[in-house]
Amino acid sequence: MKLFLAIVSASCLSEVAAFAPSAQRNVHSTTALNAKVGIYYSTQTGNTETVAGYISEAAGLEIADIGDASDDEVAGLDSIIVGAPTWHTDEESERSGTEWDSWLYSTLPNIDVSGKNVAVFGVGDQASYSEYYCDAAGELYDLFEAAGCKMMGFTSTDGYDHESSKAERDGKFIGLMCDEDNQDDMSEDRAKAWVEQLKGEGFF
């Protein structure tokens with residue numbers, strides 16, 4: 001009887017294993033997109049990291065703080081997603097109050113990023129800072145574009161309640177804009193839709 005139960009148990013386990021997703025399948029699903037794509041952010045309160053996480057999940061890619069990125073790492077990428085909050089409102093430069101403020105002016109000029117695909121996301125508070133919504137995202141856009149990058153991922157301003165933004169060009173946002181203070185319930189869906197849009201644009 002013990003031998004019979006052991007055989008039945010082994011048989012059941014083998015059947016369960018046959019239908020269980022393997023670790024290899026899971027790893028493959030998270031790296032299905034081009035491996036030479038990076039997502040970089042910097043943050044003060046954690047909101048920009050949260051949005052970067054939504055983009056990461058939708059794209060199946062890892063995220064990293066720009067302060068931890070090496071020059072060679074960035075130079076070796078084909079496409080780059082970059083995101084920042086806005087703290088220094090109404091400033092002409094260094095608007096994010098994060099590591100981006102030094103990286104954009106001290107590091108980016110020394111890296112050849114010409115011809116790379118770049119998509120920008122920003123995080124801001126459109127209720128408290130309606131006149132400066134996601135201004136730092138506009139700074140990212142301007143400097144990467146000036147470095148010769150192909151800028152992608154423009155989005156509609158519909159559904160937002162702000163007065164002005166340095167992240168607007170010709171009536172559109174230069175990328176994905178999120179508001180974790182007033183519209184946090186919309187950020188994940190916005191990120192998913194944006195990643196699908198980028199796929200359609202050939203970003204990946």
# chains A, B, ... in the order shown; residues from 1 in each chain; ligands from 1
$ residues_around --residues "Thr155 (chain A)" --least-positions-apart "6" --cutoff "12 Å" --atoms "only C-alpha atoms" --output "PyMOL selection string"
chain A and resi 119-122+167-178+190-191+193-195+197-198
$ select_by_dssp --residues "chain A" --states "helix (DSSP H, G or I)" --output "PyMOL selection string"
chain A and resi 2-19+23-30+47-59+66-68+71-75+100-110+130-132+135-146+184-200
$ closest_residue --among "A:Gly53, A:Gly148, A:Gly60, A:Gly124" --to "Trp87 (chain A)" --atoms "only C-alpha atoms"
A:Gly124
$ residues_around --residues "Lys199 (chain A)" --least-positions-apart "3" --cutoff "12 Å" --atoms "only C-alpha atoms" --output "ChimeraX atom specification"
/A:33-34,58-59,79,117,119,152-153,192-196,202-204
$ write_last_selection --atoms "N, CA and C atoms" --output "short mmCIF file (atom, residue, chain, number, x, y, z; two decimals), in the first residue's frame"
data_model
loop_
_atom_site.label_atom_id
_atom_site.label_comp_id
_atom_site.auth_asym_id
_atom_site.auth_seq_id
_atom_site.Cartn_x
_atom_site.Cartn_y
_atom_site.Cartn_z
N LEU A 33 11.32 42.45 -24.65
CA LEU A 33 11.64 43.59 -25.48
C LEU A 33 13.15 43.71 -25.64
N ASN A 34 13.56 44.61 -26.49
CA ASN A 34 14.97 44.82 -26.78
C ASN A 34 15.76 45.04 -25.49
N ALA A 58 5.11 47.46 -17.39
CA ALA A 58 4.47 47.40 -18.70
C ALA A 58 5.44 47.00 -19.80
N ALA A 59 6.69 47.42 -19.66
CA ALA A 59 7.69 47.16 -20.70
C ALA A 59 8.53 45.92 -20.45
N SER A 79 17.79 52.71 -26.97
CA SER A 79 16.65 53.54 -26.60
C SER A 79 16.68 53.80 -25.10
N ASN A 117 16.94 56.61 -29.59
CA ASN A 117 15.54 56.91 -29.30
C ASN A 117 15.43 57.30 -27.83
N ALA A 119 12.52 58.71 -24.85
CA ALA A 119 11.15 59.05 -24.45
C ALA A 119 11.19 59.58 -23.02
N MET A 152 10.58 60.66 -28.87
CA MET A 152 9.37 59.90 -29.17
C MET A 152 8.40 59.93 -27.99
N GLY A 153 7.16 59.52 -28.23
CA GLY A 153 6.20 59.34 -27.14
C GLY A 153 5.39 60.55 -26.74
N LYS A 192 0.82 52.15 -19.01
CA LYS A 192 0.59 51.01 -19.91
C LYS A 192 0.28 51.48 -21.33
N ALA A 193 -0.60 52.48 -21.44
CA ALA A 193 -0.97 52.99 -22.75
C ALA A 193 0.23 53.61 -23.45
N TRP A 194 1.07 54.28 -22.68
CA TRP A 194 2.26 54.94 -23.25
C TRP A 194 3.26 53.92 -23.79
N VAL A 195 3.46 52.86 -23.04
CA VAL A 195 4.37 51.80 -23.50
C VAL A 195 3.86 51.18 -24.79
N GLU A 196 2.55 50.96 -24.88
CA GLU A 196 1.98 50.42 -26.11
C GLU A 196 2.17 51.40 -27.26
N GLY A 202 7.95 52.15 -32.75
CA GLY A 202 9.23 51.50 -33.02
C GLY A 202 10.32 51.80 -32.01
N PHE A 203 9.93 52.28 -30.84
CA PHE A 203 10.90 52.65 -29.82
C PHE A 203 11.70 51.45 -29.33
N PHE A 204 11.02 50.32 -29.20
CA PHE A 204 11.67 49.12 -28.70
C PHE A 204 12.25 48.27 -29.83
#
$ atom_distance --atom1 "CA of Tyr129 (chain A)" --atom2 "CA of Asp142 (chain A)"
21.0 Å
$ select_by_dssp --residues "region 52-101 of chain A" --states "strand (DSSP E or B)" --output "JSON, numbers by chain"
{"A": [63, 64, 65, 79, 80, 81, 82, 83, 84, 85]}
$ closest_residue --among "A:Leu143, A:Cys134, A:Val123, A:Ala64" --to "Trp103 (chain A)" --atoms "only C-alpha atoms"
A:Leu143
$ atom_distance --atom1 "CA of Ala69 (chain A)" --atom2 "CA of Asp112 (chain A)"
14.7 Å
$ closest_residue --among "A:Lys116, A:Lys150, A:Lys36, A:His162" --to "Tyr133 (chain A)" --atoms "only C-alpha atoms"
A:His162
$ closest_residue --among "A:Ala127, A:Ala137, A:Ile63, A:Leu108" --to "Gly83 (chain A)" --atoms "only C-alpha atoms"
A:Ala137
$ decode --residues "region 50-63 of chain A" --atoms "all heavy atoms" --output "mmCIF file, in the first residue's frame"
data_model
loop_
_atom_site.group_PDB
_atom_site.id
_atom_site.type_symbol
_atom_site.label_atom_id
_atom_site.label_comp_id
_atom_site.auth_asym_id
_atom_site.auth_seq_id
_atom_site.Cartn_x
_atom_site.Cartn_y
_atom_site.Cartn_z
ATOM 1 N N THR A 50 7.815 55.537 -8.423
ATOM 2 C CA THR A 50 6.563 54.779 -8.558
ATOM 3 C C THR A 50 6.128 54.716 -10.012
ATOM 4 O O THR A 50 5.784 53.645 -10.532
ATOM 5 C CB THR A 50 5.449 55.424 -7.710
ATOM 6 O OG1 THR A 50 5.804 55.360 -6.333
ATOM 7 C CG2 THR A 50 4.119 54.711 -7.926
ATOM 8 N N VAL A 51 6.141 55.852 -10.696
ATOM 9 C CA VAL A 51 5.741 55.879 -12.103
ATOM 10 C C VAL A 51 6.729 55.100 -12.958
ATOM 11 O O VAL A 51 6.336 54.377 -13.878
ATOM 12 C CB VAL A 51 5.607 57.328 -12.602
ATOM 13 C CG1 VAL A 51 5.324 57.361 -14.101
ATOM 14 C CG2 VAL A 51 4.489 58.047 -11.840
ATOM 15 N N ALA A 52 8.014 55.217 -12.650
ATOM 16 C CA ALA A 52 9.022 54.424 -13.365
ATOM 17 C C ALA A 52 8.731 52.938 -13.207
ATOM 18 O O ALA A 52 8.914 52.152 -14.148
ATOM 19 C CB ALA A 52 10.421 54.742 -12.837
ATOM 20 N N GLY A 53 8.248 52.557 -12.032
ATOM 21 C CA GLY A 53 7.886 51.165 -11.791
ATOM 22 C C GLY A 53 6.731 50.705 -12.661
ATOM 23 O O GLY A 53 6.731 49.574 -13.170
ATOM 24 N N TYR A 54 5.737 51.566 -12.845
ATOM 25 C CA TYR A 54 4.610 51.227 -13.728
ATOM 26 C C TYR A 54 5.095 51.019 -15.164
ATOM 27 O O TYR A 54 4.674 50.081 -15.852
ATOM 28 C CB TYR A 54 3.564 52.349 -13.711
ATOM 29 C CG TYR A 54 2.837 52.525 -12.405
ATOM 30 C CD1 TYR A 54 2.452 53.795 -11.965
ATOM 31 C CD2 TYR A 54 2.517 51.431 -11.602
ATOM 32 C CE1 TYR A 54 1.774 53.971 -10.772
ATOM 33 C CE2 TYR A 54 1.844 51.603 -10.400
ATOM 34 C CZ TYR A 54 1.478 52.876 -9.987
ATOM 35 O OH TYR A 54 0.808 53.050 -8.817
ATOM 36 N N ILE A 55 5.984 51.896 -15.618
ATOM 37 C CA ILE A 55 6.539 51.767 -16.969
ATOM 38 C C ILE A 55 7.356 50.493 -17.070
ATOM 39 O O ILE A 55 7.283 49.760 -18.069
ATOM 40 C CB ILE A 55 7.401 52.993 -17.307
ATOM 41 C CG1 ILE A 55 6.543 54.266 -17.300
ATOM 42 C CG2 ILE A 55 8.076 52.825 -18.660
ATOM 43 C CD1 ILE A 55 7.347 55.553 -17.347
ATOM 44 N N SER A 56 8.133 50.220 -16.048
ATOM 45 C CA SER A 56 8.961 49.014 -16.010
ATOM 46 C C SER A 56 8.126 47.749 -16.141
ATOM 47 O O SER A 56 8.452 46.843 -16.914
ATOM 48 C CB SER A 56 9.754 48.987 -14.692
ATOM 49 O OG SER A 56 10.350 47.728 -14.482
ATOM 50 N N GLU A 57 7.029 47.697 -15.378
ATOM 51 C CA GLU A 57 6.156 46.522 -15.421
ATOM 52 C C GLU A 57 5.521 46.357 -16.802
ATOM 53 O O GLU A 57 5.422 45.245 -17.324
ATOM 54 C CB GLU A 57 5.067 46.653 -14.360
ATOM 55 C CG GLU A 57 5.588 46.537 -12.932
ATOM 56 C CD GLU A 57 4.508 46.821 -11.899
ATOM 57 O OE1 GLU A 57 3.319 46.922 -12.289
ATOM 58 O OE2 GLU A 57 4.846 46.966 -10.715
ATOM 59 N N ALA A 58 5.114 47.464 -17.392
ATOM 60 C CA ALA A 58 4.465 47.396 -18.700
ATOM 61 C C ALA A 58 5.442 46.998 -19.799
ATOM 62 O O ALA A 58 5.069 46.302 -20.752
ATOM 63 C CB ALA A 58 3.833 48.747 -19.032
ATOM 64 N N ALA A 59 6.692 47.424 -19.659
ATOM 65 C CA ALA A 59 7.691 47.164 -20.700
ATOM 66 C C ALA A 59 8.526 45.923 -20.449
ATOM 67 O O ALA A 59 9.214 45.438 -21.347
ATOM 68 C CB ALA A 59 8.608 48.380 -20.836
ATOM 69 N N GLY A 60 8.486 45.396 -19.222
ATOM 70 C CA GLY A 60 9.304 44.230 -18.901
ATOM 71 C C GLY A 60 10.774 44.568 -18.800
ATOM 72 O O GLY A 60 11.636 43.803 -19.230
ATOM 73 N N LEU A 61 11.084 45.737 -18.234
ATOM 74 C CA LEU A 61 12.459 46.205 -18.130
ATOM 75 C C LEU A 61 12.768 46.646 -16.706
ATOM 76 O O LEU A 61 11.867 46.947 -15.933
ATOM 77 C CB LEU A 61 12.684 47.388 -19.084
ATOM 78 C CG LEU A 61 12.515 47.114 -20.580
ATOM 79 C CD1 LEU A 61 12.414 48.417 -21.344
ATOM 80 C CD2 LEU A 61 13.671 46.276 -21.089
ATOM 81 N N GLU A 62 14.059 46.705 -16.384
ATOM 82 C CA GLU A 62 14.483 47.166 -15.071
ATOM 83 C C GLU A 62 14.579 48.697 -15.052
ATOM 84 O O GLU A 62 14.697 49.338 -16.095
ATOM 85 C CB GLU A 62 15.849 46.573 -14.718
ATOM 86 C CG GLU A 62 15.859 45.056 -14.612
ATOM 87 C CD GLU A 62 14.970 44.544 -13.493
ATOM 88 O OE1 GLU A 62 14.956 45.173 -12.419
ATOM 89 O OE2 GLU A 62 14.298 43.527 -13.699
ATOM 90 N N ILE A 63 14.542 49.274 -13.859
ATOM 91 C CA ILE A 63 14.714 50.722 -13.716
ATOM 92 C C ILE A 63 15.969 50.994 -12.892
ATOM 93 O O ILE A 63 16.433 50.133 -12.138
ATOM 94 C CB ILE A 63 13.496 51.385 -13.040
ATOM 95 C CG1 ILE A 63 13.312 50.857 -11.605
ATOM 96 C CG2 ILE A 63 12.247 51.185 -13.873
ATOM 97 C CD1 ILE A 63 12.223 51.587 -10.820
#
